[in-house]
Amino acid sequence: MKKNKELGAGDDIDSRCLKCKDVTNHTIVAMVADKVVKVQCNVCHSLHNYRPVQGGVKALVRRNVIKRDQPAKEVKTAAGSKSEKRFHEMIEGRDQRAAIPYAMNVAFQTDDLVDHPVFGIGLVVKTISPNKMEVVFKEASKILICAPKT
Ligand SMILES: [Zn+2]
């Protein structure tokens with residue numbers, strides 16, 4: 001594309017045309033200093049203000065980026081709240097203040113509430129071996145060591 005300074009009325013220039021809804025070849029009709037002001041579309045012959053092509057393309061790209069980012073965020077949030085919702089359903093009606101502080105030398109049994117210093121409140125769902133249990137926390141389920149039942 002030629003520089004604006006070399007352009008004058010009657011020259012051809014690419015511009016966006018609202019009627020054609022596309023970038024089309026235009027003829028420059030009016031200029032102020034070295035800026036193209038009015039153009040005529042060579043396709044539909046409509047007279048309108050000059051709309052730079054580059055700005056339009058940039059705006060389009062930016063819009064596409066936002067569109068691409070948003071669904072990914074929504075999916076992430078939906079998945080996070082789903083496991084959180086399941087966890088809240090599991091411990092619904094349970095008194096979290098009654099949770100047993102987690103320690104390796106404490107005996108737990110299925111359905112006990114555990115208060116873990118790192119993972120937070122959890123629910124014992126399974127005893128895997130006498131000293132291993134599966135505990136479901138808000139984020140994920142973990143295998144923890146516990147004292148054998150007496
Ligand atoms: Zn047009």
# chains A, B, ... in the order shown; residues from 1 in each chain; ligands from 1
>>> closest_atom_pairs(of="chain A", to="ligand 1", cutoff="12 Å", atoms="only C-alpha atoms and all ligand atoms", output="CSV")
residue,atom,partner,partner_atom_place_in_ligand_line,distance
A:Asp14,CA,ligand 1,1 (Zn),10.9
A:Ser15,CA,ligand 1,1 (Zn),9.1
A:Arg16,CA,ligand 1,1 (Zn),7.9
A:Cys17,CA,ligand 1,1 (Zn),4.7
A:Leu18,CA,ligand 1,1 (Zn),6.6
A:Lys19,CA,ligand 1,1 (Zn),5.0
A:Cys20,CA,ligand 1,1 (Zn),4.2
A:Lys21,CA,ligand 1,1 (Zn),7.3
A:Asp22,CA,ligand 1,1 (Zn),7.5
A:Val23,CA,ligand 1,1 (Zn),8.2
A:Thr24,CA,ligand 1,1 (Zn),6.5
A:Asn25,CA,ligand 1,1 (Zn),8.3
A:His26,CA,ligand 1,1 (Zn),8.1
A:Thr27,CA,ligand 1,1 (Zn),11.0
A:Val39,CA,ligand 1,1 (Zn),10.1
A:Gln40,CA,ligand 1,1 (Zn),7.8
A:Cys41,CA,ligand 1,1 (Zn),4.6
A:Asn42,CA,ligand 1,1 (Zn),6.6
A:Val43,CA,ligand 1,1 (Zn),5.0
A:Cys44,CA,ligand 1,1 (Zn),4.2
A:His45,CA,ligand 1,1 (Zn),6.2
A:Ser46,CA,ligand 1,1 (Zn),5.9
A:Leu47,CA,ligand 1,1 (Zn),8.5
A:His48,CA,ligand 1,1 (Zn),9.2
A:Asn49,CA,ligand 1,1 (Zn),11.7
A:Tyr50,CA,ligand 1,1 (Zn),11.6
A:Arg51,CA,ligand 1,1 (Zn),11.8
>>> residues_around(residues="A:Met31", least_positions_apart="3", cutoff="10 Å", atoms="only C-alpha atoms", output="PyMOL selection string")
chain A and resi 4+7-9+28+34-39+50
>>> residues_around(residues="A:Leu123", least_positions_apart="4", cutoff="10 Å", atoms="only C-alpha atoms", output="number ranges by chain")
A: 87, 90-91, 99, 109-115, 134-138, 141
>>> residues_around(residues="A:Thr127", least_positions_apart="2", cutoff="12 Å", atoms="only C-alpha atoms", output="PyMOL selection string")
chain A and resi 107-112+123-125+129-135+142-149
>>> decode(residues="stretch 9-24 of chain A", atoms="C-alpha atoms", output="PDB file, in the first residue's frame")
ATOM      1  CA  ALA A   9      -8.049  12.609  -4.731  1.00  0.00           C
ATOM      2  CA  GLY A  10      -8.809  10.171  -7.534  1.00  0.00           C
ATOM      3  CA  ASP A  11      -6.292   7.570  -6.302  1.00  0.00           C
ATOM      4  CA  ASP A  12      -7.320   4.064  -5.335  1.00  0.00           C
ATOM      5  CA  ILE A  13      -7.202   2.951  -1.686  1.00  0.00           C
ATOM      6  CA  ASP A  14      -8.442  -0.060   0.278  1.00  0.00           C
ATOM      7  CA  SER A  15     -11.146   0.758   2.809  1.00  0.00           C
ATOM      8  CA  ARG A  16     -13.848  -1.048   4.668  1.00  0.00           C
ATOM      9  CA  CYS A  17     -17.262  -0.534   3.112  1.00  0.00           C
ATOM     10  CA  LEU A  18     -20.327  -0.892   5.341  1.00  0.00           C
ATOM     11  CA  LYS A  19     -22.602  -1.601   2.371  1.00  0.00           C
ATOM     12  CA  CYS A  20     -20.355  -4.342   0.957  1.00  0.00           C
ATOM     13  CA  LYS A  21     -19.489  -5.484   4.505  1.00  0.00           C
ATOM     14  CA  ASP A  22     -15.987  -6.107   3.230  1.00  0.00           C
ATOM     15  CA  VAL A  23     -12.681  -4.442   2.442  1.00  0.00           C
ATOM     16  CA  THR A  24     -13.038  -3.151  -1.085  1.00  0.00           C
TER      17      THR A  24
END
